[in-house]
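Student: This is entry-v9.csv (CSV, C-alpha atoms).
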```
chain,number,residue,atom,x,y,z
A,1,MET,CA,-134.0,-2.8,48.0
A,2,ALA,CA,-130.8,-3.1,49.8
A,3,ALA,CA,-127.7,-4.2,47.9
A,4,LEU,CA,-126.9,-7.9,47.9
A,5,PRO,CA,-123.9,-8.9,49.9
A,6,PRO,CA,-120.8,-9.5,47.7
A,7,GLU,CA,-121.0,-13.3,48.2
A,8,HIS,CA,-124.5,-13.4,46.8
A,9,ALA,CA,-124.0,-11.0,43.8
A,10,GLY,CA,-125.7,-12.5,40.8
A,11,ALA,CA,-127.8,-14.9,42.8
A,12,ARG,CA,-131.5,-15.1,42.2
A,13,GLN,CA,-132.3,-13.8,45.6
A,14,ARG,CA,-133.9,-10.7,47.0
A,15,ALA,CA,-132.6,-8.9,50.1
A,16,GLY,CA,-134.7,-7.1,52.7
A,17,GLU,CA,-135.1,-6.2,56.3
A,18,PRO,CA,-136.5,-8.5,59.0
A,19,SER,CA,-140.1,-7.4,59.8
A,20,SER,CA,-140.1,-7.9,63.5
A,21,GLY,CA,-138.0,-9.0,66.5
A,22,ARG,CA,-134.5,-8.2,67.4
A,23,ARG,CA,-132.4,-7.0,64.5
A,24,ARG,CA,-130.4,-10.1,63.7
A,25,SER,CA,-128.9,-9.2,60.3
A,26,ALA,CA,-128.6,-6.2,58.0
A,27,ARG,CA,-130.3,-8.3,55.3
A,28,TRP,CA,-132.3,-11.4,54.7
A,29,THR,CA,-131.7,-13.8,51.9
A,30,PHE,CA,-134.7,-15.4,50.3
A,31,CYS,CA,-135.4,-18.9,49.1
A,32,ARG,CA,-134.9,-19.4,45.4
A,33,ARG,CA,-138.2,-21.5,45.2
A,34,CYS,CA,-140.7,-19.9,47.6
A,35,HIS,CA,-139.1,-16.6,48.5
A,36,ALA,CA,-139.4,-17.3,52.3
A,37,LYS,CA,-136.4,-16.4,54.4
A,38,ALA,CA,-133.5,-18.7,53.4
A,39,GLU,CA,-131.8,-20.8,55.9
A,40,VAL,CA,-129.0,-22.3,53.7
A,41,THR,CA,-126.9,-21.0,50.8
A,42,LEU,CA,-125.2,-23.2,48.3
A,43,ARG,CA,-122.3,-21.3,46.9
A,44,HIS,CA,-121.6,-23.7,44.1
A,45,HIS,CA,-125.2,-23.5,42.9
A,46,ASN,CA,-125.4,-19.7,43.6
A,47,ALA,CA,-128.7,-20.5,45.3
A,48,ALA,CA,-130.4,-20.2,48.7
A,49,PHE,CA,-133.2,-22.2,50.1
A,50,CYS,CA,-135.6,-22.3,53.1
A,51,ARG,CA,-135.7,-25.5,55.1
A,52,ALA,CA,-138.7,-27.1,53.3
A,53,CYS,CA,-137.4,-26.2,49.8
A,54,PHE,CA,-133.9,-27.4,50.6
A,55,THR,CA,-135.3,-30.7,51.8
A,56,PHE,CA,-137.3,-31.0,48.6
A,57,TYR,CA,-134.3,-29.9,46.5
A,58,LEU,CA,-132.0,-32.6,47.9
A,59,GLN,CA,-134.5,-35.4,47.7
A,60,ARG,CA,-135.3,-34.4,44.1
A,61,GLN,CA,-131.6,-34.3,43.3
A,62,VAL,CA,-131.0,-37.8,44.6
A,63,GLU,CA,-134.1,-39.1,42.8
A,64,ARG,CA,-132.8,-37.7,39.6
A,65,THR,CA,-129.4,-39.2,40.1
A,66,ILE,CA,-131.0,-42.6,40.8
A,67,GLU,CA,-133.1,-42.3,37.6
A,68,LYS,CA,-130.3,-40.9,35.4
A,69,GLU,CA,-127.7,-43.4,36.4
A,70,ARG,CA,-130.3,-46.3,36.5
A,71,MET,CA,-129.2,-47.3,40.0
A,72,PHE,CA,-132.4,-49.1,41.0
A,73,ARG,CA,-136.1,-49.2,40.5
A,74,LYS,CA,-138.9,-48.7,43.0
A,75,ASP,CA,-139.6,-52.4,43.1
A,76,GLU,CA,-136.0,-53.5,43.8
A,77,PRO,CA,-135.1,-54.1,47.5
A,78,VAL,CA,-132.1,-52.0,48.4
A,79,LEU,CA,-129.6,-52.8,51.1
A,80,VAL,CA,-128.4,-49.5,52.6
A,81,ALA,CA,-125.0,-49.5,54.3
A,82,VAL,CA,-125.5,-47.4,57.5
A,83,SER,CA,-122.7,-46.3,59.7
A,84,GLY,CA,-124.8,-44.0,62.0
A,85,GLY,CA,-123.1,-40.9,60.4
A,86,LYS,CA,-124.8,-38.1,58.6
A,87,ASP,CA,-124.4,-39.3,55.1
A,88,SER,CA,-125.7,-42.9,55.4
A,89,LEU,CA,-128.6,-41.8,57.7
A,90,ALA,CA,-129.5,-38.9,55.3
A,91,LEU,CA,-129.4,-41.4,52.4
A,92,TRP,CA,-131.6,-43.9,54.1
A,93,ASP,CA,-134.1,-41.1,55.1
A,94,ILE,CA,-134.2,-39.8,51.5
A,95,LEU,CA,-134.7,-43.3,50.0
A,96,VAL,CA,-137.5,-43.9,52.5
A,97,GLU,CA,-139.1,-40.5,51.7
A,98,LEU,CA,-138.9,-41.3,48.0
A,99,GLY,CA,-140.7,-44.6,48.5
A,100,PHE,CA,-137.9,-47.1,47.8
A,101,LEU,CA,-137.8,-50.5,49.5
A,102,THR,CA,-134.9,-50.3,51.9
A,103,THR,CA,-133.3,-52.4,54.6
A,104,GLY,CA,-130.3,-51.0,56.6
A,105,LEU,CA,-127.1,-52.9,57.2
A,106,HIS,CA,-124.9,-51.7,60.1
A,107,LEU,CA,-121.5,-53.2,61.0
A,108,SER,CA,-120.6,-52.5,64.6
A,109,LEU,CA,-116.8,-52.2,64.2
A,110,GLY,CA,-115.8,-52.8,67.8
A,111,ILE,CA,-113.9,-49.4,68.0
A,112,GLY,CA,-114.8,-48.9,71.7
A,113,ALA,CA,-117.3,-46.1,72.6
A,114,TYR,CA,-117.3,-44.7,69.1
A,115,SER,CA,-118.8,-47.9,67.7
A,116,ASP,CA,-121.2,-48.3,70.6
A,117,GLN,CA,-122.5,-44.8,69.9
A,118,SER,CA,-122.7,-45.3,66.2
A,119,THR,CA,-124.7,-48.5,66.6
A,120,LEU,CA,-127.0,-46.7,69.0
A,121,LYS,CA,-127.6,-43.9,66.5
A,122,ALA,CA,-128.3,-46.3,63.6
A,123,THR,CA,-130.6,-48.4,65.8
A,124,GLN,CA,-132.5,-45.5,67.1
A,125,PHE,CA,-133.0,-44.1,63.6
A,126,ALA,CA,-134.4,-47.4,62.3
A,127,ASN,CA,-136.6,-48.0,65.4
A,128,ALA,CA,-138.1,-44.5,65.3
A,129,ARG,CA,-139.2,-45.0,61.7
A,130,GLY,CA,-140.1,-48.7,61.9
A,131,LEU,CA,-137.3,-49.7,59.5
A,132,THR,CA,-135.5,-53.0,59.4
A,133,LEU,CA,-131.8,-52.8,60.3
A,134,ILE,CA,-129.4,-55.8,60.2
A,135,THR,CA,-126.6,-55.3,62.7
A,136,VAL,CA,-123.4,-57.3,62.6
A,137,PRO,CA,-121.2,-56.9,65.6
A,138,LEU,CA,-117.7,-57.7,64.4
A,139,ALA,CA,-116.4,-58.2,67.9
A,140,GLU,CA,-118.7,-61.2,68.2
A,141,GLU,CA,-117.1,-62.6,65.0
A,142,GLY,CA,-113.7,-62.1,66.6
A,143,LEU,CA,-113.0,-59.4,64.1
A,144,ALA,CA,-113.2,-56.1,66.0
A,145,VAL,CA,-111.2,-53.5,63.9
A,146,PRO,CA,-108.6,-52.7,66.6
A,147,ALA,CA,-107.8,-56.3,67.2
A,148,VAL,CA,-107.6,-57.1,63.4
A,149,ALA,CA,-105.3,-54.1,62.9
A,150,ALA,CA,-103.1,-55.1,65.8
A,151,PHE,CA,-102.8,-58.8,64.8
A,152,THR,CA,-102.1,-57.9,61.1
A,153,ASN,CA,-99.9,-54.8,61.6
A,154,ARG,CA,-102.1,-52.9,59.2
A,155,PRO,CA,-103.5,-49.4,59.5
A,156,ALA,CA,-106.9,-49.6,61.1
A,157,CYS,CA,-108.6,-47.9,58.1
A,158,SER,CA,-107.1,-50.6,55.8
A,159,ALA,CA,-108.4,-53.4,58.0
A,160,CYS,CA,-111.8,-51.7,58.4
A,161,GLY,CA,-112.2,-51.2,54.6
A,162,ALA,CA,-111.5,-54.9,53.9
A,163,LEU,CA,-113.9,-56.0,56.6
A,164,LYS,CA,-116.6,-53.6,55.4
A,165,ARG,CA,-116.3,-54.6,51.7
A,166,HIS,CA,-116.5,-58.3,52.6
A,167,TYR,CA,-119.6,-58.1,54.9
A,168,PHE,CA,-121.4,-55.7,52.6
A,169,ASP,CA,-120.9,-57.9,49.6
A,170,ARG,CA,-121.6,-61.2,51.5
A,171,LEU,CA,-124.7,-60.0,53.3
A,172,ALA,CA,-126.2,-58.4,50.2
A,173,ILE,CA,-125.9,-61.6,48.2
A,174,ASP,CA,-126.8,-64.0,51.0
A,175,ARG,CA,-129.9,-62.0,51.9
A,176,GLY,CA,-131.0,-61.6,48.3
A,177,PHE,CA,-130.6,-57.9,47.7
A,178,PRO,CA,-129.7,-57.0,44.1
A,179,VAL,CA,-128.4,-53.6,45.1
A,180,LEU,CA,-126.2,-52.2,47.8
A,181,ALA,CA,-126.3,-48.4,48.4
A,182,THR,CA,-123.6,-46.5,50.2
A,183,GLY,CA,-123.6,-42.9,51.5
A,184,HIS,CA,-120.5,-41.7,49.6
A,185,ASN,CA,-120.9,-38.0,48.8
A,186,LEU,CA,-119.4,-35.6,46.4
A,187,ASP,CA,-116.5,-34.7,48.7
A,188,ASP,CA,-115.7,-38.4,49.3
A,189,GLU,CA,-115.6,-39.0,45.5
A,190,ALA,CA,-113.6,-35.9,44.8
A,191,ALA,CA,-111.0,-36.8,47.5
A,192,ARG,CA,-110.8,-40.4,46.3
A,193,LEU,CA,-110.4,-39.2,42.7
A,194,LEU,CA,-107.6,-36.8,43.7
A,195,GLY,CA,-105.8,-39.7,45.5
A,196,ASN,CA,-106.2,-42.0,42.5
A,197,VAL,CA,-105.0,-39.4,40.1
A,198,LEU,CA,-102.0,-38.4,42.3
A,199,HIS,CA,-100.9,-42.0,42.2
A,200,TRP,CA,-102.2,-42.8,38.7
A,201,GLN,CA,-104.0,-45.9,40.0
A,202,MET,CA,-105.6,-46.8,36.7
A,203,ASP,CA,-107.4,-49.9,38.0
A,204,HIS,CA,-109.0,-47.8,40.8
A,205,LEU,CA,-109.9,-45.0,38.4
A,206,ALA,CA,-111.6,-47.6,36.1
A,207,ARG,CA,-113.7,-48.7,39.0
A,208,GLN,CA,-114.6,-45.2,40.4
A,209,ARG,CA,-118.2,-44.9,39.3
A,210,PRO,CA,-121.5,-44.1,40.9
A,211,VAL,CA,-122.8,-47.5,39.7
A,212,LEU,CA,-120.7,-50.6,39.7
A,213,GLU,CA,-122.3,-53.5,38.0
A,214,PRO,CA,-121.4,-56.9,39.4
A,215,THR,CA,-118.4,-58.6,37.7
A,216,HIS,CA,-118.9,-61.9,39.6
A,217,GLU,CA,-122.0,-63.9,40.5
A,218,ARG,CA,-121.4,-63.2,44.2
A,219,PHE,CA,-121.3,-59.4,43.7
A,220,VAL,CA,-124.3,-57.2,43.6
A,221,ARG,CA,-124.8,-53.8,42.0
A,222,LYS,CA,-123.2,-51.1,44.1
A,223,VAL,CA,-124.5,-47.6,43.9
A,224,LYS,CA,-123.7,-44.1,45.4
A,225,PRO,CA,-126.9,-42.1,45.2
A,226,LEU,CA,-125.3,-39.1,47.0
A,227,TYR,CA,-122.3,-38.8,44.7
A,228,ARG,CA,-123.5,-35.4,43.5
A,229,CYS,CA,-124.4,-34.0,46.9
A,230,SER,CA,-121.7,-32.2,48.9
A,231,GLU,CA,-120.9,-33.1,52.5
A,232,TYR,CA,-122.3,-29.7,53.5
A,233,GLU,CA,-125.6,-30.5,51.8
A,234,THR,CA,-126.0,-33.9,53.5
A,235,ALA,CA,-125.1,-32.4,56.9
A,236,VAL,CA,-127.7,-29.6,56.4
A,237,TYR,CA,-130.3,-32.2,55.3
A,238,ALA,CA,-129.7,-34.3,58.4
A,239,PHE,CA,-129.9,-31.2,60.6
A,240,PHE,CA,-133.2,-30.0,58.9
A,241,ARG,CA,-134.7,-33.5,59.1
A,242,GLY,CA,-133.9,-33.8,62.8
A,243,ILE,CA,-131.7,-36.8,62.2
A,244,ASP,CA,-129.7,-37.6,65.3
A,245,TYR,CA,-126.5,-38.7,63.7
A,246,MET,CA,-123.0,-39.5,65.0
A,247,ILE,CA,-121.2,-36.2,65.1
A,248,GLU,CA,-118.0,-37.6,66.6
A,249,GLU,CA,-115.4,-38.8,64.2
A,250,CYS,CA,-113.8,-42.2,64.2
A,251,PRO,CA,-110.7,-42.0,66.5
A,252,ASN,CA,-108.7,-43.8,63.8
A,253,SER,CA,-109.4,-41.1,61.2
A,254,VAL,CA,-106.9,-38.6,62.8
A,255,GLY,CA,-104.4,-37.7,60.2
A,256,ALA,CA,-106.1,-39.8,57.5
A,257,THR,CA,-104.9,-39.0,54.0
A,258,GLN,CA,-108.5,-38.6,52.7
A,259,LEU,CA,-108.9,-35.7,55.2
A,260,VAL,CA,-105.8,-34.0,53.8
A,261,TYR,CA,-107.2,-34.4,50.2
A,262,LYS,CA,-110.6,-33.0,51.4
A,263,ASP,CA,-108.9,-30.0,53.0
A,264,MET,CA,-107.0,-29.3,49.8
A,265,LEU,CA,-110.2,-29.5,47.7
A,266,ASN,CA,-112.1,-27.3,50.1
A,267,ARG,CA,-109.4,-24.6,49.8
A,268,LEU,CA,-109.8,-24.8,46.0
A,269,GLU,CA,-113.6,-24.7,46.4
A,270,ALA,CA,-113.3,-21.6,48.6
A,271,VAL,CA,-111.7,-19.6,45.8
A,272,SER,CA,-113.5,-21.4,42.9
A,273,PRO,CA,-117.0,-22.7,44.0
A,274,GLY,CA,-118.0,-25.7,42.0
A,275,SER,CA,-114.5,-27.1,41.5
A,276,LYS,CA,-115.2,-30.4,43.3
A,277,SER,CA,-118.4,-30.9,41.3
A,278,THR,CA,-116.6,-30.2,38.0
A,279,PHE,CA,-113.6,-32.4,39.0
A,280,VAL,CA,-115.9,-35.4,39.6
A,281,ARG,CA,-118.4,-34.8,36.8
A,282,GLU,CA,-115.7,-34.2,34.1
A,283,PHE,CA,-113.8,-37.3,35.2
A,284,LEU,CA,-117.0,-39.4,34.9
A,285,ARG,CA,-117.7,-37.8,31.5
A,286,ARG,CA,-114.2,-37.9,29.9
A,287,GLY,CA,-111.6,-39.4,32.3
A,288,ARG,CA,-113.5,-42.6,32.6
A,289,LEU,CA,-112.8,-43.3,28.9
A,290,LEU,CA,-109.1,-43.2,29.6
A,291,ALA,CA,-109.4,-45.4,32.7
A,292,ALA,CA,-111.5,-47.8,30.7
A,293,ALA,CA,-108.5,-48.4,28.4
A,294,SER,CA,-107.0,-50.3,31.4
A,295,PRO,CA,-109.4,-53.2,31.7
A,296,VAL,CA,-109.4,-55.0,35.0
A,297,ALA,CA,-109.6,-58.8,34.9
A,298,PRO,CA,-112.8,-60.2,36.4
A,299,PRO,CA,-112.4,-61.7,39.9
A,300,GLN,CA,-112.2,-65.4,40.6
A,301,ALA,CA,-113.8,-67.3,43.5
A,302,CYS,CA,-111.9,-67.2,46.8
A,303,GLU,CA,-110.5,-70.6,47.7
A,304,ARG,CA,-111.8,-70.3,51.2
A,305,CYS,CA,-115.1,-68.4,51.2
A,306,GLY,CA,-116.2,-68.4,47.6
A,307,MET,CA,-116.5,-64.7,47.5
A,308,PRO,CA,-114.9,-62.8,44.6
A,309,SER,CA,-111.1,-62.6,44.8
A,310,TYR,CA,-108.3,-61.3,42.7
A,311,GLY,CA,-105.9,-63.9,44.1
A,312,GLY,CA,-106.2,-67.4,45.6
A,313,LEU,CA,-107.7,-65.9,48.8
A,314,CYS,CA,-109.8,-62.8,48.9
A,315,ALA,CA,-108.6,-59.8,51.0
A,316,PHE,CA,-111.0,-60.7,53.8
A,317,CYS,CA,-109.8,-64.3,54.1
A,318,ARG,CA,-106.1,-63.2,53.9
A,319,LEU,CA,-106.9,-60.9,56.8
A,320,VAL,CA,-108.7,-63.6,58.8
A,321,ARG,CA,-106.0,-66.1,58.2
A,322,GLU,CA,-103.4,-63.7,59.5
A,323,VAL,CA,-105.5,-63.1,62.6
A,324,GLU,CA,-105.9,-66.8,63.2
A,325,VAL,CA,-102.2,-67.5,62.8
A,326,LYS,CA,-101.3,-64.8,65.2
A,327,ARG,CA,-103.9,-65.9,67.7
A,328,GLU,CA,-102.7,-69.5,67.5
A,329,ARG,CA,-99.0,-68.4,68.1
A,330,ARG,CA,-100.1,-66.3,71.0
A,331,ALA,CA,-102.1,-69.2,72.5
A,332,ALA,CA,-99.2,-71.6,72.0
A,333,ALA,CA,-96.7,-69.2,73.7
A,334,ARG,CA,-98.8,-69.0,76.8
A,335,PRO,CA,-97.5,-71.2,79.7
B,1,MET,CA,-120.9,-14.9,72.4
B,2,ARG,CA,-120.5,-18.5,73.5
B,3,ILE,CA,-119.5,-21.0,70.9
B,4,THR,CA,-119.3,-24.8,71.1
B,5,VAL,CA,-117.2,-26.3,68.3
B,6,LEU,CA,-118.2,-29.9,67.4
B,7,PRO,CA,-117.0,-32.6,67.1
B,8,GLN,CA,-114.1,-31.4,69.3
B,9,HIS,CA,-116.5,-30.1,72.0
B,10,LYS,CA,-114.3,-27.0,72.3
B,11,GLN,CA,-115.7,-24.0,74.1
B,12,VAL,CA,-114.9,-20.6,72.7
B,13,GLU,CA,-115.9,-17.1,73.9
B,14,LEU,CA,-115.9,-14.2,71.5
B,15,SER,CA,-116.8,-10.6,72.3
B,16,GLY,CA,-119.0,-8.2,70.3
B,17,ARG,CA,-121.3,-8.6,67.3
B,18,ARG,CA,-119.8,-10.4,64.4
B,19,ARG,CA,-120.7,-11.8,61.0
B,20,ALA,CA,-120.9,-15.6,61.0
B,21,SER,CA,-118.4,-15.9,58.2
B,22,GLU,CA,-115.9,-13.9,60.3
B,23,VAL,CA,-116.4,-16.3,63.2
B,24,LEU,CA,-115.8,-19.3,61.0
B,25,THR,CA,-112.7,-17.8,59.6
B,26,GLN,CA,-111.4,-16.9,63.0
B,27,LEU,CA,-111.9,-20.5,64.1
B,28,GLY,CA,-110.1,-21.8,61.1
B,29,PHE,CA,-113.1,-23.2,59.1
B,30,LEU,CA,-113.2,-22.9,55.3
B,31,PRO,CA,-116.5,-21.9,53.7
B,32,GLY,CA,-118.9,-24.9,53.4
B,33,THR,CA,-117.1,-27.0,55.9
B,34,ALA,CA,-119.2,-26.2,59.0
B,35,MET,CA,-122.8,-25.4,60.0
B,36,VAL,CA,-123.4,-22.4,62.2
B,37,ILE,CA,-126.4,-23.3,64.4
B,38,ARG,CA,-128.2,-20.9,66.7
B,39,GLY,CA,-131.1,-22.6,68.6
B,40,ASP,CA,-132.8,-24.8,66.1
B,41,GLN,CA,-131.9,-22.6,63.1
B,42,LEU,CA,-128.9,-22.5,60.7
B,43,VAL,CA,-127.2,-19.1,60.4
B,44,LEU,CA,-126.2,-17.9,56.9
B,45,GLU,CA,-122.6,-16.9,56.5
B,46,HIS,CA,-123.3,-13.2,55.9
B,47,GLU,CA,-125.7,-13.0,58.9
B,48,MET,CA,-124.7,-11.3,62.2
B,49,LEU,CA,-124.2,-13.1,65.5
B,50,ASP,CA,-124.9,-11.0,68.6
B,51,ALA,CA,-122.7,-10.7,71.6
B,52,ASP,CA,-125.0,-12.7,73.8
B,53,ASP,CA,-125.7,-15.4,71.3
B,54,VAL,CA,-125.1,-19.1,72.1
B,55,VAL,CA,-123.9,-20.8,69.0
B,56,GLU,CA,-122.9,-24.3,67.9
B,57,ILE,CA,-120.4,-24.7,65.0
B,58,ARG,CA,-120.6,-28.2,63.7
B,59,SER,CA,-118.0,-29.5,61.2
B,60,VAL,CA,-119.4,-31.4,58.3
B,61,ILE,CA,-116.1,-33.1,57.3
B,62,SER,CA,-115.9,-36.7,57.9
B,63,GLY,CA,-113.9,-39.6,56.6
B,64,GLY,CA,-110.9,-41.8,57.1
B,65,SER,CA,-108.7,-44.2,55.2
```
Could you write out this structure as structure tokens?
Tutor:
Amino acid sequence: MAALPPEHAGARQRAGEPSSGRRRSARWTFCRRCHAKAEVTLRHHNAAFCRACFTFYLQRQVERTIEKERMFRKDEPVLVAVSGGKDSLALWDILVELGFLTTGLHLSLGIGAYSDQSTLKATQFANARGLTLITVPLAEEGLAVPAVAAFTNRPACSACGALKRHYFDRLAIDRGFPVLATGHNLDDEAARLLGNVLHWQMDHLARQRPVLEPTHERFVRKVKPLYRCSEYETAVYAFFRGIDYMIEECPNSVGATQLVYKDMLNRLEAVSPGSKSTFVREFLRRGRLLAAASPVAPPQACERCGMPSYGGLCAFCRLVREVEVKRERRAAARP
Amino acid sequence: MRITVLPQHKQVELSGRRRASEVLTQLGFLPGTAMVIRGDQLVLEHEMLDADDVVEIRSVISGGS
């Protein structure tokens, strides 16, 4: 048997020669489960899988996470927030494959061709599988992200986040879903944790969990079934499953702080595989106790829309009011 | 080999036979941040890419805020 390449030393893999065809590689790596030729290696798990076994592995991992964290049951309808990207479509696919009752929710953000394409991907995914997708075009509500950002002088990502949170919460409660699932993955959670720790945002740390129970009658349970799956794993899953997802990135994400944090964490991961997973896991195990020592007051009802709010108006209504005031001023200034 | 880098849609030509991990490093990708796709198959990082291969390198990093 040929020697294993250095990056696979210690792995439960065998190495051999391809039996036929053009010589592609000096060695093959074999699947940990079935010993067929592997198509993906996971450095942080020191494992390799073929296509079928990786698909099984990831679905099983998500199923275990849902069970362990008591996210939802098979008889509970789940609203899945779907952007059209790899994570949310992979999540929806996994939940459907696992037999959960799902409905998709897509916000068309009004960010030009990017949003049009994202909506198309989400719609095509749902149609091809006979799934129900609720689509909310924000432009038709007068709240396209670029317009809101321009009217309020906020960064587009800040406006986008406030809009998403409001519509996700409101539609989940209005349509009678007890659970809202989002496609946040391990990399998202690690980057968010790094940002929260760098700024010691105790209130944010206290709320960084894979399951957020409702703290107000107009909140539903929010869950992140992919929080243990890396971004690489969800991308590979989407590729193996033939999911036609939105590869292009949001034009507003250029230079985003979260991407800087992700880059730093990936550099750490390159020299110490498993760092991201350990960072998040140990925070949830130990750090959460520290964060819990900073209790967050429960929200009140927004004076305008009745949704949960930590002030007189919720973040969404403050945003909308700002947009309305600016629009009125602009209209009044016209000759 | 002819390489398309996504999502930038950048076209790159590299000569000779190379290991996939070398190509990723040369193009500035850290391990685990991009998929190397040849045809309808993923290429493992230690596998070789031939001089006449047509390859897609697809970043897996997404996010904003």
Student: Between CA of Tyr245 in chain A and CA of Thr119 in chain A, what is the distance, to one decimal in Å?
Tutor: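 CA of Tyr245 in chain A sits 10.4 Å away from CA of Thr119 in chain A.
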Student: Distance limit 8 Å, atoms considered: all atoms listed in the file. Which chain B residues sit that close to chain A? Return them as a PyMOL selection string.
Tutor: chain B and resi 6-8+30-35+41-44+46-50+60-65
Student: My list of candidates is A:Thr123, A:Arg218, A:Ile173, A:Tyr237. Which is closest to Cys53 in chain A when distances are computed with only C-alpha atoms?
Tutor: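 Of the candidates, the smallest distance to Cys53 in chain A is held by A:Tyr237.
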Student: What does the structure give for the distance between CA of Ala149 in chain A and CA of Glu322 in chain A, in Å to one decimal?
Tutor: 10.4 Å
Student: Write out as number ranges by chain each polymer residue whose atoms come within 9 Å of Ala297 in chain A, counting all atoms listed in the file; drop sequence neighbours fewer than 2 positions from it.
Tutor: A: 295, 299, 310
Student: So the first atom is CA of Glu324 in chain A and the second is CA of Leu171 in chain A; what is the distance between them in Å, to one decimal place?
Tutor: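 These two atoms are separated by 22.3 Å.
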Student: Leaving out Val197 in chain A and any residue of its chain fewer than 2 positions from it, which residues lie within 12 Å of it when counting only C-alpha atoms, given as a PyMOL selection string?
Tutor: chain A and resi 189-195+199-206+208+261+279-280+283+287-288+290-291
Student: Counting only C-alpha atoms, what is within 9 Å of Ser108 in chain A, bar same-chain residues fewer than 5 positions away, as a PyMOL selection string?
Tutor: chain A and resi 83+115-116+118-119+135-139+144
Student: Output the selection as a short mmCIF file (atom, residue, chain, number, x, y, z; two decimals), keeping the file's coordinate frame - C-alpha atoms for each residue.
Tutor:
```cif
data_model
loop_
_atom_site.label_atom_id
_atom_site.label_comp_id
_atom_site.auth_asym_id
_atom_site.auth_seq_id
_atom_site.Cartn_x
_atom_site.Cartn_y
_atom_site.Cartn_z
CA SER A 83 -122.70 -46.30 59.70
CA SER A 115 -118.80 -47.90 67.70
CA ASP A 116 -121.20 -48.30 70.60
CA SER A 118 -122.70 -45.30 66.20
CA THR A 119 -124.70 -48.50 66.60
CA THR A 135 -126.60 -55.30 62.70
CA VAL A 136 -123.40 -57.30 62.60
CA PRO A 137 -121.20 -56.90 65.60
CA LEU A 138 -117.70 -57.70 64.40
CA ALA A 139 -116.40 -58.20 67.90
CA ALA A 144 -113.20 -56.10 66.00
#
```
Student: Quick one: residues within 10 Å of Arg327 in chain A, all atoms listed in the file, excluding same-chain residues fewer than 6 positions away - as an mmCIF file with C-alpha atoms, in the coordinates of the input?
Tutor:
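Output file part_39.cif is given in full below:
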```
data_model
loop_
_atom_site.group_PDB
_atom_site.id
_atom_site.type_symbol
_atom_site.label_atom_id
_atom_site.label_comp_id
_atom_site.auth_asym_id
_atom_site.auth_seq_id
_atom_site.Cartn_x
_atom_site.Cartn_y
_atom_site.Cartn_z
ATOM 1 C CA PHE A 151 -102.800 -58.800 64.800
ATOM 2 C CA ARG A 321 -106.000 -66.100 58.200
ATOM 3 C CA ALA A 333 -96.700 -69.200 73.700
#
```
Student: Need the shell around Ala315 in chain A: protein/DNA/RNA residues with any atom at most 9 Å away, counting all atoms listed in the file. Skip same-chain ones fewer than 5 positions apart. Format as a list of chain:residue names?
Tutor: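 After dropping sequence-adjacent residues, the list is A:Ala162, A:Leu163, A:His166, A:Ser309, A:Tyr310, A:Val320.
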